[in-house]
Amino acid sequence: MSVAMPTLEDAGASENAPRVVTPAQLIWRKFRRHRLAMLGAVLTIALYLGAAFAPFIAPFGPNEYQSRYTYAPPQTVHWIRTNEEGRRIFGPYVYDLKVSVDYASGRRVFETDRENVIPIRFFPRGAEYRLFGFIPADRHLFGPADPDRPMFLTGADRLGRDMFSRTIIGSQVSLSIGLVGVIMSLILGLIFGGLSGYYGGAVDTLIQRVIEFLQSIPSIPLWIGLAAALPKDVNPALIYFYITLILSLIGWTGLARVVRGRFLSLKNEDFVRAARLDGASPWRVMFRHMVPSFLSHIIAAVTLAIPAMILAETALSFLGLGLRQPVISWGVLLQEAQNIRSVATAPWLFVPGGAVVVAVLAMNFLGDGLRDAADPFSSN
C-alpha cells in the first residue's frame, strides 16, 4: 500500500492557511495591551499573595507593643553606612529614636538618633504564628536585629504597635471578606438570575419583586440594627460570618439582573434549542451551555464587585457598625484615625486607608481591562 507524500503545493497551502485563534487567546491578546489592566492584575496578585503570607511578611505580631514608642513616627530605611573603621557597609538599617516628653503639650517627642543604627535582618526569628492557619512558624521576612529596639516603617499607634505589621495582617480580613462575599453573591446571582431569565412568566415576576424589595432596604439602618442586636462579647468569627452573609445578600441582586438579561437574549438561540431537543435538563442548558457563552462578562462583573465589598466592610467597620476589636481589618484600623490628634500629629494612622485605595484602584483597573477584553472584536 503506497502512502502519498505531501507536495510543495500542499506545504505552501498549509503555511498560508489562516491561523485559528481561540476566544481565550483573543481576550488575552487585547487584555495585555491594556497597561492599566496589567498593572491592576499585578497589584491584585501581589495583594492577595501578601495577605496569604501576611504573618510571615509582617516583622512583628499584630498585638506586639512597645509602650515607650506610642505614636512613634515612620522610620526611613537606609542601605549604605560607614562603620567605625571607615568601611562602607551595604545593608538595610534604620536609625534609633530618641524619646522625650513635652510637658507643655503632654505628649512624646521623637528625634532621629543618627549615632545609633538598628540593622535590619532577613528571616529573623520573631513572634510565633500559624501560616495558612495550621503551619507553626516563627520566621519573618525581615525584622530588626534586636527585637526590643524600634523599627516602625509606617509609624506606631497609640499603644506602640507597628502599623505596617497590623496593616499587612488586616489585609487578610479585608481582602477575604470581599472575595468570599462576591463568591456567595455570584452563586445567588447566577441561580436566581438564571431561573428568572430562563423560565420567565410567574417565576420571573416573583424573583424580580424579591430583588426590588432587597434593593429598597436602606443599608445603613440595617447595619445599625445589626450592630445593636449583637452583644458586645459575641465571637469575632461570628461577626465576620454575619458581615459576609449580609454583604452577599445585598450584593447579588445587581448580578442577577445582568444574568437575567443575558438569559432572555440567549434562550431562543439555536444552540439552546438544540440542547433542549437533545434532552438536556434545564439546569444543564443554563449552566453548561448558556452561562459559558458570557462567562467573560461575569468575570469582569465579579472583579468590579470585589472592591465594592471591600469599601463596604471598611466603611462600616470605620463607623463601628461592622467588625470590631480584636478582629484586625483595614476598617477597624482606621477607627484609630477618628480623632483630631491623629489628623494633626499622627497622619500615618491613615496608612490602612492608603491600602484600601491601592486595592480598590487595582481591582477597578483589572475589572475595566477584563470588561474591554471580553469583547475582543470591539474597536477600542
# chains A, B, ... in the order shown; residues from 1 in each chain; ligands from 1
>>> residues_around(residues="Asp204 in chain A", least_positions_apart="3", cutoff="12 Å", atoms="only C-alpha atoms", output="PyMOL selection string")
chain A and resi 192-201+207-211+256-257+260-261+263-264
>>> write_last_selection(atoms="N, CA and C atoms", output="PDB file, in the first residue's frame")
ATOM      1  N   PHE A 192     -30.597  32.620  40.763  1.00  0.00           N
ATOM      2  CA  PHE A 192     -31.879  33.317  40.690  1.00  0.00           C
ATOM      3  C   PHE A 192     -32.014  34.126  39.390  1.00  0.00           C
ATOM      4  N   GLY A 193     -30.920  34.734  38.931  1.00  0.00           N
ATOM      5  CA  GLY A 193     -30.993  35.428  37.653  1.00  0.00           C
ATOM      6  C   GLY A 193     -31.211  34.476  36.494  1.00  0.00           C
ATOM      7  N   GLY A 194     -30.588  33.293  36.550  1.00  0.00           N
ATOM      8  CA  GLY A 194     -30.796  32.294  35.508  1.00  0.00           C
ATOM      9  C   GLY A 194     -32.212  31.751  35.494  1.00  0.00           C
ATOM     10  N   LEU A 195     -32.749  31.437  36.669  1.00  0.00           N
ATOM     11  CA  LEU A 195     -34.139  30.961  36.733  1.00  0.00           C
ATOM     12  C   LEU A 195     -35.111  32.012  36.228  1.00  0.00           C
ATOM     13  N   SER A 196     -34.861  33.275  36.588  1.00  0.00           N
ATOM     14  CA  SER A 196     -35.759  34.350  36.169  1.00  0.00           C
ATOM     15  C   SER A 196     -35.757  34.526  34.655  1.00  0.00           C
ATOM     16  N   GLY A 197     -34.564  34.515  34.044  1.00  0.00           N
ATOM     17  CA  GLY A 197     -34.491  34.718  32.610  1.00  0.00           C
ATOM     18  C   GLY A 197     -34.864  33.492  31.801  1.00  0.00           C
ATOM     19  N   TYR A 198     -34.620  32.311  32.325  1.00  0.00           N
ATOM     20  CA  TYR A 198     -34.874  31.086  31.561  1.00  0.00           C
ATOM     21  C   TYR A 198     -36.357  30.736  31.528  1.00  0.00           C
ATOM     22  N   TYR A 199     -37.018  30.802  32.695  1.00  0.00           N
ATOM     23  CA  TYR A 199     -38.419  30.396  32.763  1.00  0.00           C
ATOM     24  C   TYR A 199     -39.375  31.544  32.443  1.00  0.00           C
ATOM     25  N   GLY A 200     -39.031  32.768  32.861  1.00  0.00           N
ATOM     26  CA  GLY A 200     -39.927  33.889  32.617  1.00  0.00           C
ATOM     27  C   GLY A 200     -41.255  33.726  33.349  1.00  0.00           C
ATOM     28  N   GLY A 201     -42.265  34.452  32.912  1.00  0.00           N
ATOM     29  CA  GLY A 201     -43.602  34.311  33.478  1.00  0.00           C
ATOM     30  C   GLY A 201     -43.667  34.621  34.949  1.00  0.00           C
ATOM     31  N   ILE A 207     -39.249  36.576  41.266  1.00  0.00           N
ATOM     32  CA  ILE A 207     -37.841  36.857  41.581  1.00  0.00           C
ATOM     33  C   ILE A 207     -37.535  38.338  41.442  1.00  0.00           C
ATOM     34  N   GLN A 208     -38.102  38.991  40.426  1.00  0.00           N
ATOM     35  CA  GLN A 208     -37.843  40.419  40.243  1.00  0.00           C
ATOM     36  C   GLN A 208     -38.444  41.244  41.373  1.00  0.00           C
ATOM     37  N   ARG A 209     -39.589  40.836  41.900  1.00  0.00           N
ATOM     38  CA  ARG A 209     -40.166  41.572  43.026  1.00  0.00           C
ATOM     39  C   ARG A 209     -39.309  41.396  44.279  1.00  0.00           C
ATOM     40  N   VAL A 210     -38.764  40.190  44.470  1.00  0.00           N
ATOM     41  CA  VAL A 210     -37.863  39.964  45.615  1.00  0.00           C
ATOM     42  C   VAL A 210     -36.613  40.823  45.473  1.00  0.00           C
ATOM     43  N   ILE A 211     -36.056  40.905  44.264  1.00  0.00           N
ATOM     44  CA  ILE A 211     -34.872  41.731  44.028  1.00  0.00           C
ATOM     45  C   ILE A 211     -35.178  43.200  44.321  1.00  0.00           C
ATOM     46  N   ALA A 256     -27.747  39.411  39.419  1.00  0.00           N
ATOM     47  CA  ALA A 256     -28.917  38.642  38.970  1.00  0.00           C
ATOM     48  C   ALA A 256     -29.633  39.359  37.830  1.00  0.00           C
ATOM     49  N   ARG A 257     -29.724  40.682  37.897  1.00  0.00           N
ATOM     50  CA  ARG A 257     -30.356  41.433  36.810  1.00  0.00           C
ATOM     51  C   ARG A 257     -29.571  41.286  35.508  1.00  0.00           C
ATOM     52  N   ARG A 260     -30.119  37.730  34.196  1.00  0.00           N
ATOM     53  CA  ARG A 260     -31.466  37.611  33.639  1.00  0.00           C
ATOM     54  C   ARG A 260     -31.534  38.193  32.227  1.00  0.00           C
ATOM     55  N   GLY A 261     -30.958  39.366  32.035  1.00  0.00           N
ATOM     56  CA  GLY A 261     -30.977  39.973  30.706  1.00  0.00           C
ATOM     57  C   GLY A 261     -30.252  39.131  29.678  1.00  0.00           C
ATOM     58  N   PHE A 263     -29.832  35.857  29.795  1.00  0.00           N
ATOM     59  CA  PHE A 263     -30.613  34.641  29.553  1.00  0.00           C
ATOM     60  C   PHE A 263     -31.807  34.929  28.637  1.00  0.00           C
ATOM     61  N   LEU A 264     -32.453  36.080  28.823  1.00  0.00           N
ATOM     62  CA  LEU A 264     -33.582  36.434  27.961  1.00  0.00           C
ATOM     63  C   LEU A 264     -33.154  36.546  26.501  1.00  0.00           C
TER      64      LEU A 264
END
>>> residues_around(residues="range 159-161 of chain A", least_positions_apart="6", cutoff="6 Å", atoms="only C-alpha atoms", output="list in words")
Glu64, Tyr65, Gln66, Ser67, Tyr69 and Thr70 of chain A
>>> closest_residue(among="A:Leu43, A:Ala202, A:Tyr71, A:Phe56", to="Val343 in chain A", atoms="only C-alpha atoms")
A:Tyr71
>>> select_by_dssp(residues="range 30-264 of chain A", states="strand (DSSP E or B)", output="number ranges by chain")
A: 78-82, 88-102, 107-122, 125-131, 135-139, 142-144, 156, 162
>>> write_last_selection(atoms="N, CA and C atoms", output="short mmCIF file (atom, residue, chain, number, x, y, z; two decimals), in the first residue's frame")
data_model
loop_
_atom_site.label_atom_id
_atom_site.label_comp_id
_atom_site.auth_asym_id
_atom_site.auth_seq_id
_atom_site.Cartn_x
_atom_site.Cartn_y
_atom_site.Cartn_z
N HIS A 78 17.54 52.96 55.30
CA HIS A 78 18.77 53.32 54.60
C HIS A 78 19.52 52.05 54.23
N TRP A 79 20.44 52.18 53.27
CA TRP A 79 21.10 50.98 52.74
C TRP A 79 22.62 51.02 52.84
N ILE A 80 23.22 52.17 52.85
CA ILE A 80 24.68 52.25 52.88
C ILE A 80 25.10 53.08 54.09
N ARG A 81 26.04 52.54 54.87
CA ARG A 81 26.55 53.26 56.04
C ARG A 81 28.05 52.99 56.18
N THR A 82 28.68 53.83 56.99
CA THR A 82 30.12 53.71 57.24
C THR A 82 30.32 53.31 58.70
N ARG A 88 32.66 51.09 54.19
CA ARG A 88 31.27 51.24 53.77
C ARG A 88 30.59 49.87 53.82
N ILE A 89 29.43 49.84 54.45
CA ILE A 89 28.67 48.60 54.63
C ILE A 89 27.35 48.76 53.90
N PHE A 90 27.03 47.76 53.08
CA PHE A 90 25.76 47.77 52.35
C PHE A 90 24.78 46.84 53.05
N GLY A 91 23.60 47.36 53.38
CA GLY A 91 22.57 46.56 54.03
C GLY A 91 21.50 47.46 54.62
N PRO A 92 20.27 47.01 54.72
CA PRO A 92 19.20 47.86 55.24
C PRO A 92 19.34 48.13 56.73
N TYR A 93 19.00 49.34 57.13
CA TYR A 93 19.02 49.70 58.55
C TYR A 93 18.16 50.93 58.75
N VAL A 94 17.80 51.17 60.00
CA VAL A 94 17.10 52.40 60.39
C VAL A 94 17.83 53.01 61.56
N TYR A 95 17.65 54.31 61.75
CA TYR A 95 18.24 54.99 62.90
C TYR A 95 17.32 54.85 64.11
N ASP A 96 17.94 54.80 65.27
CA ASP A 96 17.19 54.71 66.53
C ASP A 96 16.43 56.02 66.77
N LEU A 97 15.52 55.97 67.74
CA LEU A 97 14.72 57.13 68.08
C LEU A 97 15.03 57.58 69.50
N LYS A 98 15.24 58.88 69.66
CA LYS A 98 15.35 59.47 70.99
C LYS A 98 13.96 59.94 71.43
N VAL A 99 13.59 59.58 72.64
CA VAL A 99 12.26 59.88 73.14
C VAL A 99 12.37 60.87 74.30
N SER A 100 11.59 61.93 74.21
CA SER A 100 11.47 62.90 75.31
C SER A 100 10.02 63.29 75.46
N VAL A 101 9.71 63.93 76.57
CA VAL A 101 8.33 64.30 76.86
C VAL A 101 8.21 65.82 76.86
N ASP A 102 7.28 66.31 76.07
CA ASP A 102 6.97 67.74 76.07
C ASP A 102 5.88 67.98 77.10
N ARG A 107 2.80 65.24 75.47
CA ARG A 107 2.99 64.15 74.53
C ARG A 107 4.47 63.90 74.31
N ARG A 108 4.76 62.72 73.77
CA ARG A 108 6.14 62.34 73.50
C ARG A 108 6.65 63.02 72.24
N VAL A 109 7.93 63.34 72.25
CA VAL A 109 8.61 63.94 71.11
C VAL A 109 9.73 63.00 70.68
N PHE A 110 9.78 62.69 69.41
CA PHE A 110 10.76 61.74 68.88
C PHE A 110 11.75 62.47 67.98
N GLU A 111 13.02 62.14 68.17
CA GLU A 111 14.09 62.67 67.34
C GLU A 111 14.92 61.51 66.81
N THR A 112 15.42 61.67 65.59
CA THR A 112 16.26 60.63 64.98
C THR A 112 17.63 60.63 65.62
N ASP A 113 18.04 59.47 66.12
CA ASP A 113 19.36 59.31 66.74
C ASP A 113 20.31 58.71 65.71
N ARG A 114 21.05 59.57 65.02
CA ARG A 114 21.92 59.11 63.94
C ARG A 114 23.20 58.45 64.44
N GLU A 115 23.41 58.46 65.72
CA GLU A 115 24.60 57.78 66.27
C GLU A 115 24.34 56.30 66.53
N ASN A 116 23.09 55.91 66.62
CA ASN A 116 22.74 54.51 66.89
C ASN A 116 21.99 53.95 65.69
N VAL A 117 22.52 52.86 65.17
CA VAL A 117 21.96 52.22 63.98
C VAL A 117 21.29 50.91 64.39
N ILE A 118 20.13 50.64 63.81
CA ILE A 118 19.42 49.38 64.05
C ILE A 118 19.42 48.59 62.74
N PRO A 119 20.30 47.60 62.59
CA PRO A 119 20.33 46.82 61.35
C PRO A 119 19.05 46.01 61.18
N ILE A 120 18.68 45.82 59.92
CA ILE A 120 17.51 45.01 59.57
C ILE A 120 18.00 43.68 59.03
N ARG A 121 17.53 42.61 59.61
CA ARG A 121 17.93 41.26 59.21
C ARG A 121 16.80 40.61 58.41
N PHE A 122 17.18 39.72 57.52
CA PHE A 122 16.22 38.93 56.77
C PHE A 122 16.06 37.56 57.41
N ARG A 125 14.07 35.31 63.64
CA ARG A 125 13.02 34.73 64.48
C ARG A 125 12.27 35.84 65.17
N GLY A 126 10.96 35.62 65.35
CA GLY A 126 10.14 36.63 65.99
C GLY A 126 8.91 36.01 66.61
N ALA A 127 7.81 36.75 66.54
CA ALA A 127 6.56 36.26 67.13
C ALA A 127 6.10 34.99 66.43
N GLU A 128 5.60 34.06 67.21
CA GLU A 128 5.11 32.81 66.64
C GLU A 128 3.76 33.03 65.96
N TYR A 129 3.51 32.27 64.91
CA TYR A 129 2.26 32.37 64.17
C TYR A 129 2.01 31.04 63.47
N ARG A 130 0.85 30.94 62.86
CA ARG A 130 0.50 29.74 62.08
C ARG A 130 0.23 30.17 60.64
N LEU A 131 1.11 29.80 59.75
CA LEU A 131 0.97 30.13 58.34
C LEU A 131 -0.17 29.34 57.74
N ILE A 135 0.24 25.88 59.92
CA ILE A 135 1.67 25.60 59.88
C ILE A 135 2.37 26.47 60.92
N PRO A 136 2.86 25.90 62.04
CA PRO A 136 3.53 26.72 63.06
C PRO A 136 4.88 27.23 62.54
N ALA A 137 5.17 28.49 62.81
CA ALA A 137 6.42 29.10 62.36
C ALA A 137 6.72 30.31 63.22
N ASP A 138 7.97 30.73 63.20
CA ASP A 138 8.36 31.96 63.90
C ASP A 138 9.35 32.78 63.08
N ARG A 139 9.57 32.40 61.82
CA ARG A 139 10.44 33.18 60.94
C ARG A 139 9.63 34.27 60.23
N PHE A 142 11.57 39.92 57.36
CA PHE A 142 12.61 40.83 57.82
C PHE A 142 12.22 41.34 59.19
N GLY A 143 13.16 41.95 59.87
CA GLY A 143 12.91 42.49 61.19
C GLY A 143 14.18 43.08 61.76
N PRO A 144 14.08 43.82 62.87
CA PRO A 144 15.28 44.42 63.46
C PRO A 144 16.18 43.35 64.07
N ALA A 156 3.83 54.02 64.50
CA ALA A 156 3.20 53.21 65.54
C ALA A 156 1.89 53.86 65.96
N ASP A 162 3.19 48.28 65.76
CA ASP A 162 3.69 48.60 64.42
C ASP A 162 2.53 48.66 63.43
#
>>> closest_residue(among="A:Thr44, A:Thr253, A:Ser174, A:Ser296", to="Gly331 in chain A", atoms="only C-alpha atoms")
A:Ser174
>>> select_by_dssp(residues="range 167-357 of chain A", states="alpha helix (DSSP H)", output="ChimeraX atom specification")
/A:167-199,201-216,219-229,236-266,270-277,282-284,295-318,330-334,340-345,351-357
>>> decode(residues="range 73-92 of chain A", atoms="N, CA and C atoms", output="mmCIF file, in the first residue's frame")
data_model
loop_
_atom_site.group_PDB
_atom_site.id
_atom_site.type_symbol
_atom_site.label_atom_id
_atom_site.label_comp_id
_atom_site.auth_asym_id
_atom_site.auth_seq_id
_atom_site.Cartn_x
_atom_site.Cartn_y
_atom_site.Cartn_z
ATOM 1 N N PRO A 73 6.864 58.088 64.944
ATOM 2 C CA PRO A 73 6.750 58.384 63.511
ATOM 3 C C PRO A 73 7.420 57.302 62.660
ATOM 4 N N PRO A 74 7.143 57.288 61.363
ATOM 5 C CA PRO A 74 7.809 56.313 60.483
ATOM 6 C C PRO A 74 9.313 56.542 60.432
ATOM 7 N N GLN A 75 10.043 55.431 60.298
ATOM 8 C CA GLN A 75 11.496 55.479 60.187
ATOM 9 C C GLN A 75 11.896 55.134 58.754
ATOM 10 N N THR A 76 12.813 55.912 58.203
ATOM 11 C CA THR A 76 13.270 55.698 56.836
ATOM 12 C C THR A 76 14.307 54.586 56.789
ATOM 13 N N VAL A 77 14.199 53.709 55.799
ATOM 14 C CA VAL A 77 15.166 52.630 55.617
ATOM 15 C C VAL A 77 16.337 53.154 54.795
ATOM 16 N N HIS A 78 17.540 52.960 55.304
ATOM 17 C CA HIS A 78 18.773 53.322 54.603
ATOM 18 C C HIS A 78 19.518 52.045 54.231
ATOM 19 N N TRP A 79 20.439 52.183 53.269
ATOM 20 C CA TRP A 79 21.098 50.981 52.741
ATOM 21 C C TRP A 79 22.623 51.016 52.840
ATOM 22 N N ILE A 80 23.220 52.174 52.854
ATOM 23 C CA ILE A 80 24.684 52.254 52.878
ATOM 24 C C ILE A 80 25.103 53.077 54.087
ATOM 25 N N ARG A 81 26.042 52.540 54.870
ATOM 26 C CA ARG A 81 26.550 53.256 56.036
ATOM 27 C C ARG A 81 28.051 52.993 56.177
ATOM 28 N N THR A 82 28.682 53.827 56.987
ATOM 29 C CA THR A 82 30.121 53.709 57.243
ATOM 30 C C THR A 82 30.323 53.313 58.700
ATOM 31 N N ASN A 83 31.082 52.237 58.913
ATOM 32 C CA ASN A 83 31.297 51.783 60.286
ATOM 33 C C ASN A 83 32.414 52.592 60.949
ATOM 34 N N GLU A 84 32.761 52.211 62.167
ATOM 35 C CA GLU A 84 33.758 52.952 62.928
ATOM 36 C C GLU A 84 35.138 52.900 62.289
ATOM 37 N N GLU A 85 35.411 51.877 61.505
ATOM 38 C CA GLU A 85 36.704 51.749 60.844
ATOM 39 C C GLU A 85 36.758 52.470 59.509
ATOM 40 N N GLY A 86 35.684 53.134 59.141
ATOM 41 C CA GLY A 86 35.658 53.863 57.885
ATOM 42 C C GLY A 86 35.278 53.022 56.684
ATOM 43 N N ARG A 87 34.862 51.792 56.879
ATOM 44 C CA ARG A 87 34.474 50.920 55.767
ATOM 45 C C ARG A 87 32.985 51.094 55.478
ATOM 46 N N ARG A 88 32.660 51.087 54.188
ATOM 47 C CA ARG A 88 31.265 51.236 53.768
ATOM 48 C C ARG A 88 30.590 49.873 53.825
ATOM 49 N N ILE A 89 29.432 49.841 54.454
ATOM 50 C CA ILE A 89 28.672 48.602 54.627
ATOM 51 C C ILE A 89 27.345 48.757 53.898
ATOM 52 N N PHE A 90 27.034 47.762 53.079
ATOM 53 C CA PHE A 90 25.759 47.769 52.351
ATOM 54 C C PHE A 90 24.776 46.844 53.049
ATOM 55 N N GLY A 91 23.596 47.356 53.377
ATOM 56 C CA GLY A 91 22.568 46.560 54.030
ATOM 57 C C GLY A 91 21.504 47.463 54.623
ATOM 58 N N PRO A 92 20.274 47.007 54.722
ATOM 59 C CA PRO A 92 19.201 47.863 55.244
ATOM 60 C C PRO A 92 19.345 48.128 56.732
#
